[in-house]
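Quick look at data.cif (mmCIF, C-alpha atoms):
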data_input
#
loop_
_atom_site.label_atom_id
_atom_site.label_comp_id
_atom_site.auth_asym_id
_atom_site.auth_seq_id
_atom_site.Cartn_x
_atom_site.Cartn_y
_atom_site.Cartn_z
CA MET A 226 48.95 -19.68 -68.57
CA GLN A 227 51.49 -19.65 -71.44
CA LEU A 228 50.61 -18.44 -74.96
CA TYR A 229 52.19 -18.87 -78.36
CA ALA A 230 50.90 -17.12 -81.48
CA SER A 231 51.53 -18.33 -85.07
CA ARG A 232 49.85 -18.52 -88.48
CA SER A 233 50.43 -22.27 -88.62
CA PHE A 234 50.60 -25.08 -86.18
CA ASP A 235 54.03 -25.78 -84.75
CA ARG A 236 54.38 -28.79 -82.54
CA ASP A 237 57.62 -27.55 -81.06
CA ALA A 238 56.50 -23.99 -80.54
CA LYS A 239 57.74 -22.26 -77.47
CA PRO A 240 55.64 -19.86 -75.47
CA MET A 241 56.28 -16.25 -76.24
CA LYS A 242 54.02 -14.79 -73.55
CA GLU A 243 53.03 -15.90 -70.10
CA ILE A 244 49.77 -14.65 -68.53
CA GLN A 245 48.99 -15.25 -64.89
CA ILE A 246 45.25 -15.48 -64.04
CA THR A 247 44.10 -15.67 -60.45
CA ILE A 248 40.50 -16.78 -59.71
CA LEU A 249 39.42 -15.57 -56.30
CA PRO A 250 36.82 -17.55 -54.29
CA PRO A 251 33.49 -15.85 -53.35
CA PHE A 252 33.68 -13.84 -50.11
CA TRP A 253 31.61 -16.40 -48.21
CA LYS A 254 34.40 -18.91 -48.77
CA THR A 255 37.24 -16.67 -47.64
CA TRP A 256 39.15 -17.13 -44.42
CA TRP A 257 38.31 -13.65 -43.15
CA PHE A 258 34.57 -14.30 -43.67
CA PHE A 259 34.78 -17.47 -41.59
CA THR A 260 36.79 -15.55 -38.99
CA VAL A 261 34.17 -12.76 -38.80
CA LEU A 262 31.41 -15.37 -38.74
CA GLY A 263 33.10 -17.17 -35.85
CA ILE A 264 33.58 -13.94 -33.92
CA LEU A 265 29.95 -12.97 -34.55
CA PHE A 266 28.76 -16.40 -33.44
CA ILE A 267 30.80 -16.19 -30.26
CA ALA A 268 29.49 -12.65 -29.61
CA LEU A 269 25.88 -13.72 -30.15
CA LEU A 270 26.37 -16.78 -27.98
CA THR A 271 27.92 -14.63 -25.25
CA TYR A 272 25.11 -12.08 -25.55
CA GLY A 273 22.47 -14.81 -25.39
CA ILE A 274 24.04 -16.39 -22.31
CA ASN A 275 24.39 -12.96 -20.71
CA GLN A 276 20.72 -12.08 -21.40
CA ARG A 277 19.62 -15.47 -20.07
CA ASN A 278 21.63 -14.94 -16.91
CA LYS A 279 20.18 -11.43 -16.58
CA ARG A 280 16.64 -12.79 -16.88
CA LYS A 281 17.37 -15.48 -14.31
CA TYR A 282 18.92 -12.88 -12.01
CA ALA A 283 15.99 -10.49 -12.48
CA LYS A 284 13.55 -13.34 -11.85
CA LYS A 285 15.42 -14.29 -8.70
CA LEU A 286 15.46 -10.67 -7.55
CA GLN A 287 11.73 -10.37 -8.22
CA GLN A 288 11.12 -13.59 -6.30
CA LEU A 289 13.15 -12.30 -3.37
CA GLU A 290 11.33 -8.95 -3.53
CA ASN A 291 7.96 -10.73 -3.57
CA GLU A 292 9.01 -12.78 -0.57
CA ARG A 293 10.18 -9.63 1.20
CA GLN A 294 6.91 -7.84 0.42
CA LEU A 295 4.93 -10.87 1.59
CA LYS A 296 6.92 -10.96 4.81
CA LEU A 297 6.38 -7.23 5.36
CA GLU A 298 2.69 -7.63 4.60
CA ARG A 299 2.38 -10.48 7.07
CA GLU A 300 4.17 -8.42 9.68
CA ARG A 301 1.92 -5.44 8.96
CA ILE A 302 -1.25 -7.50 9.24
CA SER A 303 0.06 -9.17 12.38
CA LYS A 304 0.91 -5.79 13.89
CA ASP A 305 -2.44 -4.36 12.83
CA LEU A 306 -4.35 -7.20 14.43
CA HIS A 307 -2.15 -7.10 17.53
CA ASP A 308 -2.44 -3.34 17.98
CA ASN A 309 -6.19 -3.26 17.48
CA ILE A 310 -7.79 -6.57 18.32
CA GLY A 311 -5.16 -7.29 20.96
CA ALA A 312 -5.80 -3.98 22.67
CA TYR A 313 -9.57 -4.45 22.57
CA ALA A 314 -9.27 -8.04 23.81
CA ASN A 315 -7.15 -6.85 26.74
CA ALA A 316 -9.79 -4.23 27.48
CA VAL A 317 -12.48 -6.92 27.47
CA LEU A 318 -10.41 -9.10 29.79
CA TYR A 319 -9.57 -6.24 32.12
CA ASN A 320 -13.15 -4.97 32.34
CA SER A 321 -14.44 -8.51 32.79
CA GLU A 322 -12.16 -8.95 35.80
CA LEU A 323 -13.30 -5.62 37.23
CA LEU A 324 -16.92 -6.57 36.62
CA GLU A 325 -16.49 -9.76 38.66
CA LYS A 326 -15.22 -7.75 41.62
CA GLU A 327 -17.54 -4.76 41.34
CA THR A 328 -20.64 -4.64 43.50
CA THR A 329 -21.87 -1.11 42.82
CA GLY A 330 -24.72 -1.11 40.33
CA GLU A 331 -23.71 2.13 38.58
CA LYS A 332 -20.11 1.04 38.21
CA ARG A 333 -21.15 -2.35 36.85
CA LYS A 334 -23.33 -0.57 34.29
CA ASP A 335 -20.35 1.51 33.11
CA LEU A 336 -18.15 -1.57 32.86
CA ILE A 337 -20.77 -3.42 30.83
CA ALA A 338 -20.99 -0.43 28.48
CA ASP A 339 -17.20 -0.51 28.10
CA LEU A 340 -17.33 -4.22 27.33
CA LYS A 341 -19.92 -3.61 24.62
CA PHE A 342 -17.71 -0.93 23.09
CA ALA A 343 -14.66 -3.19 23.10
CA SER A 344 -16.62 -6.10 21.61
CA LYS A 345 -17.95 -3.91 18.81
CA ASP A 346 -14.46 -2.58 18.17
CA ILE A 347 -13.09 -6.12 17.82
CA ILE A 348 -15.78 -7.00 15.27
CA THR A 349 -15.20 -3.74 13.38
CA SER A 350 -11.45 -4.24 13.33
CA LEU A 351 -11.83 -7.73 11.89
CA ARG A 352 -14.34 -6.58 9.29
CA GLU A 353 -12.15 -3.71 8.10
CA THR A 354 -9.04 -5.90 7.88
CA VAL A 355 -10.93 -8.49 5.80
CA TRP A 356 -12.45 -5.74 3.65
CA ALA A 357 -9.06 -4.17 2.94
CA LEU A 358 -7.47 -7.48 1.93
CA LYS A 359 -10.11 -8.28 -0.69
CA ASN A 360 -8.64 -5.94 -3.32
CA GLU A 361 -5.26 -4.44 -4.11
CA GLU A 362 -6.68 -0.93 -4.56
CA TYR A 363 -9.76 1.04 -3.55
CA THR A 364 -11.30 4.25 -4.79
CA ALA A 365 -11.91 7.21 -2.52
CA GLU A 366 -15.64 6.57 -3.01
CA ASP A 367 -15.18 3.04 -1.61
CA CYS A 368 -13.51 4.46 1.49
CA LEU A 369 -16.20 7.09 2.06
CA VAL A 370 -18.95 4.48 1.65
CA ARG A 371 -17.15 2.30 4.20
CA ILE A 372 -17.01 5.22 6.63
CA LYS A 373 -20.71 5.97 6.12
CA ASN A 374 -21.63 2.32 6.69
CA PHE A 375 -19.64 2.42 9.91
CA VAL A 376 -21.25 5.62 11.21
CA HIS A 377 -24.90 5.16 10.21
CA PRO A 378 -25.77 2.45 12.79
CA PHE A 379 -24.63 4.76 15.60
CA ALA A 380 -27.63 6.99 14.99
CA LYS A 381 -29.77 4.10 16.23
CA TYR A 382 -27.52 3.08 19.11
CA TYR A 383 -26.90 6.66 20.35
CA SER A 384 -30.09 8.57 19.69
CA HIS A 385 -28.84 11.52 21.74
CA ILE A 386 -25.96 12.11 19.25
CA GLN A 387 -26.26 13.41 15.68
CA PHE A 388 -23.90 12.00 13.03
CA PRO A 389 -24.12 14.25 9.94
CA ILE A 390 -21.87 13.37 6.98
CA GLN A 391 -21.35 15.99 4.30
CA GLY A 392 -19.43 16.15 1.05
CA ASP A 393 -18.35 13.69 -1.62
CA ALA A 394 -15.17 11.75 -2.28
CA PRO A 395 -12.85 12.97 -5.06
CA PRO A 396 -13.55 11.07 -8.31
CA GLY A 397 -10.69 9.10 -9.76
CA LEU A 398 -8.60 8.95 -6.60
CA ILE A 399 -7.19 5.44 -6.10
CA LEU A 400 -5.65 4.27 -2.82
CA HIS A 401 -3.57 1.19 -2.11
CA TYR A 402 -5.46 -1.07 0.25
CA THR A 403 -3.09 -0.33 3.15
CA ASP A 404 -3.73 3.41 2.74
CA ALA A 405 -7.48 2.81 2.35
CA LEU A 406 -7.51 0.76 5.56
CA ASN A 407 -5.46 3.36 7.43
CA LEU A 408 -7.78 6.17 6.31
CA VAL A 409 -10.94 4.31 7.30
CA ARG A 410 -9.42 3.23 10.62
CA ILE A 411 -8.35 6.77 11.52
CA VAL A 412 -11.87 8.12 10.96
CA GLN A 413 -13.39 5.20 12.85
CA GLU A 414 -11.01 5.73 15.76
CA ALA A 415 -11.84 9.44 15.84
CA VAL A 416 -15.60 8.78 15.86
CA SER A 417 -15.30 6.03 18.48
CA ASN A 418 -13.20 8.25 20.75
CA SER A 419 -15.77 11.05 20.48
CA ILE A 420 -18.59 8.65 21.37
CA LYS A 421 -16.71 7.20 24.34
CA HIS A 422 -15.09 10.29 25.83
CA ALA A 423 -16.36 13.56 24.36
CA LYS A 424 -19.93 13.61 25.72
CA ALA A 425 -20.85 15.24 22.43
CA SER A 426 -24.29 15.88 20.96
CA VAL A 427 -22.95 16.20 17.39
CA ILE A 428 -20.16 14.23 15.72
CA ALA A 429 -19.86 15.48 12.16
CA ILE A 430 -17.78 14.16 9.25
CA THR A 431 -17.00 16.48 6.35
CA SER A 432 -15.39 15.49 3.06
CA ASP A 433 -13.76 18.38 1.18
CA THR A 434 -12.23 17.93 -2.28
CA SER A 435 -11.21 21.51 -2.99
CA GLU A 436 -7.63 22.55 -3.86
CA ASN A 437 -6.97 19.16 -5.50
CA LYS A 438 -6.75 17.50 -2.11
CA TRP A 439 -9.04 15.24 -0.14
CA LYS A 440 -9.63 16.57 3.34
CA LEU A 441 -11.65 14.57 5.86
CA VAL A 442 -12.67 16.35 9.06
CA VAL A 443 -14.19 14.70 12.13
CA LYS A 444 -15.57 17.35 14.47
CA ASP A 445 -17.51 17.07 17.72
CA ASP A 446 -18.97 19.60 20.14
CA GLY A 447 -17.89 17.70 23.22
CA ILE A 448 -15.88 18.55 26.30
CA GLY A 449 -12.54 18.46 24.49
CA PHE A 450 -9.19 17.53 26.04
CA ASN A 451 -5.56 18.53 26.32
CA PHE A 452 -3.96 16.63 23.46
CA ASN A 453 -0.38 16.60 24.75
CA ALA A 454 -1.41 15.75 28.30
CA MET A 455 -3.70 12.97 27.06
CA LYS A 456 -0.88 11.38 25.07
CA GLU A 457 1.37 11.40 28.10
CA GLU A 458 -1.26 10.03 30.47
CA ASP A 459 -2.82 7.29 28.39
CA LYS A 460 -1.12 5.40 25.57
CA GLY A 461 -4.20 3.27 24.95
CA ASN A 462 -6.58 6.01 23.82
CA GLY A 463 -5.94 5.50 20.08
CA LEU A 464 -4.23 8.87 19.49
CA ASP A 465 -0.86 7.25 18.84
CA ASN A 466 -2.45 4.70 16.51
CA MET A 467 -4.07 7.43 14.45
CA GLU A 468 -0.80 9.36 14.16
CA GLN A 469 1.13 6.23 13.22
CA ARG A 470 -1.39 5.24 10.56
CA ALA A 471 -1.32 8.73 9.07
CA ALA A 472 2.48 8.75 9.03
CA GLU A 473 2.61 5.28 7.45
CA SER A 474 0.40 6.38 4.55
CA GLY A 475 1.84 9.88 4.22
CA PHE A 476 -1.38 11.64 5.24
CA LYS A 477 -1.31 15.04 6.88
CA PHE A 478 -2.88 14.64 10.30
CA CYS A 479 -3.92 17.27 12.80
CA ILE A 480 -5.81 17.27 16.11
CA GLU A 481 -7.19 20.48 17.61
CA SER A 482 -8.95 20.31 20.94
CA GLY A 483 -9.48 22.28 24.11
CA MET A 484 -11.48 22.00 27.27
CA ASP A 485 -15.19 22.64 26.54
CA THR A 486 -14.41 23.62 22.91
CA GLY A 487 -14.79 20.24 21.23
CA THR A 488 -12.34 18.37 19.05
CA VAL A 489 -11.46 18.66 15.37
CA ILE A 490 -9.46 15.91 13.65
CA THR A 491 -8.26 16.61 10.11
CA ILE A 492 -6.83 14.10 7.64
CA ILE A 493 -5.50 15.31 4.28
CA VAL A 494 -4.82 12.66 1.64
#
Structure re-expressed in structure tokens:
Amino acid sequence: MQLYASRSFDRDAKPMKEIQITILPPFWKTWWFFTVLGILFIALLTYGINQRNKRKYAKKLQQLENERQLKLERERISKDLHDNIGAYANAVLYNSELLEKETTGEKRKDLIADLKFASKDIITSLRETVWALKNEEYTAEDCLVRIKNFVHPFAKYYSHIQFPIQGDAPPGLILHYTDALNLVRIVQEAVSNSIKHAKASVIAITSDTSENKWKLVVKDDGIGFNFNAMKEEDKGNGLDNMEQRAAESGFKFCIESGMDTGTVITIIV
């Protein structure tokens, strides 16, 4: 801008002063603002794509993990049914074949008793597996009630044996259904073994919740046995199954027994 100052108008006046005025655009119309905006847009777009890919990846990982867990669960159920029902079914088949060949009345009576035991064990195994699969978790009270329901009928079937159950389950203790099933199965196996082999007059179950732990004890006053020798002689007596179940669920498991001193089985959850 050129300026000329005078007291009167002069058509031919020449500028005496030149002033330069620069009008800057608002910041949102500057090149650097558009540059920053572009960089920010690209960063947000990259972040959005990255987060989307992360979610897809996490979803895929979760899907694969679910499939893996489902496969493991199927394998566990299959193994559980094979180890229990399969073993009992083989016992039924084996004793049935022996029964066909046996002519002695006393021996036939023993074989029939064994068949009854195996048949009951098959039914119990199926019931417990179905029970465990109904819910994801069970309380300690649920497990103890299941154990009591299992034991109470024996008082009618075996009137010469007492089955006292003492103590309560710890309140608030929640078990995953696999651990609940393992716990119930261990106690059932212990009671069944005492009925079959111990010749006991008392098979007692005690629930102890002291010291912030849940201790279940199955004790009989039977003839007892040599634990190590029994494991070596007979792999089908359920001792290995009990140990494996306890190890799978992280329970502390202990068997104490001796000839004519009875047997004590302890499970600490």
> So what do you get for CA of Val442 in chain A versus CA of His401 in chain A, distance-wise?
Replying inline: 20.9 Å
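Applied to this file, the PyMOL selection byres ((chain A and resi 429) around 7) selects the residues Phe388, Pro389, Ile390, Val427, Ile428, Ile430, Thr431, Val443, Lys444 and Asp445 of chain A.
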Got time to write the residues from that selection, C-alpha atoms, as a JSON list (two decimals), in the coordinates of the input?
[["chain", "number", "residue", "atom", "x", "y", "z"],
["A", 388, "PHE", "CA", -23.90, 12.00, 13.03],
["A", 389, "PRO", "CA", -24.12, 14.25, 9.94],
["A", 390, "ILE", "CA", -21.87, 13.37, 6.98],
["A", 427, "VAL", "CA", -22.95, 16.20, 17.39],
["A", 428, "ILE", "CA", -20.16, 14.23, 15.72],
["A", 430, "ILE", "CA", -17.78, 14.16, 9.25],
["A", 431, "THR", "CA", -17.00, 16.48, 6.35],
["A", 443, "VAL", "CA", -14.19, 14.70, 12.13],
["A", 444, "LYS", "CA", -15.57, 17.35, 14.47],
["A", 445, "ASP", "CA", -17.51, 17.07, 17.72]]
> Exactly which residues make up the result of the PyMOL selection byres ((chain A and resi 340-345) around 9) on this file, given as a ChimeraX atom specification?
Replying inline: /A:312-314,316-318,320-321,335-339,346-350,417,421
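Minimum atom-to-atom distances from A:Ser419, A:Gln469, A:Thr403, A:Ser426 to Ser482 in chain A were compared using only C-alpha atoms, and the lowest value belongs to A:Ser419.
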>> I'd like the interatomic distance between CA of Asn291 in chain A and CA of Ala471 in chain A, to a tenth of an Å.
In response: 25.0 Å
> Which distance in Å separates CA of Ile399 in chain A and CA of Ile490 in chain A, to one decimal?
Replying inline: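 So the two atoms, CA of Ile399 in chain A and CA of Ile490 in chain A, lie 22.5 Å apart.
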> How would you write, as a ChimeraX atom specification, the residues chosen by the PyMOL selection byres ((chain A and resi 363-369) around 8) on this structure?
Replying inline: /A:360-362,370-373,393-402,405,408-409
Quick one: axis-aligned box around all listed atoms of range 398-406 of chain A, 6 Å on every side, centre and edge lengths in Å to one decimal, written as AutoDock Vina command-line options.
--center_x -5.8 --center_y 3.9 --center_z -0.5 --size_x 17.5 --size_y 22.0 --size_z 24.2
> With only C-alpha atoms as the atoms that count, which of A:Ser432, A:Trp439, A:Gly392, A:Ile480 lies nearest to Phe452 in chain A?
Replying inline: A:Ile480
> Which residue out of A:Asp404, A:Asp446, A:Asp465, A:Glu481 has the minimum interatomic distance to Val494 in chain A when all atoms listed in the file are used?
Replying inline: A:Asp404
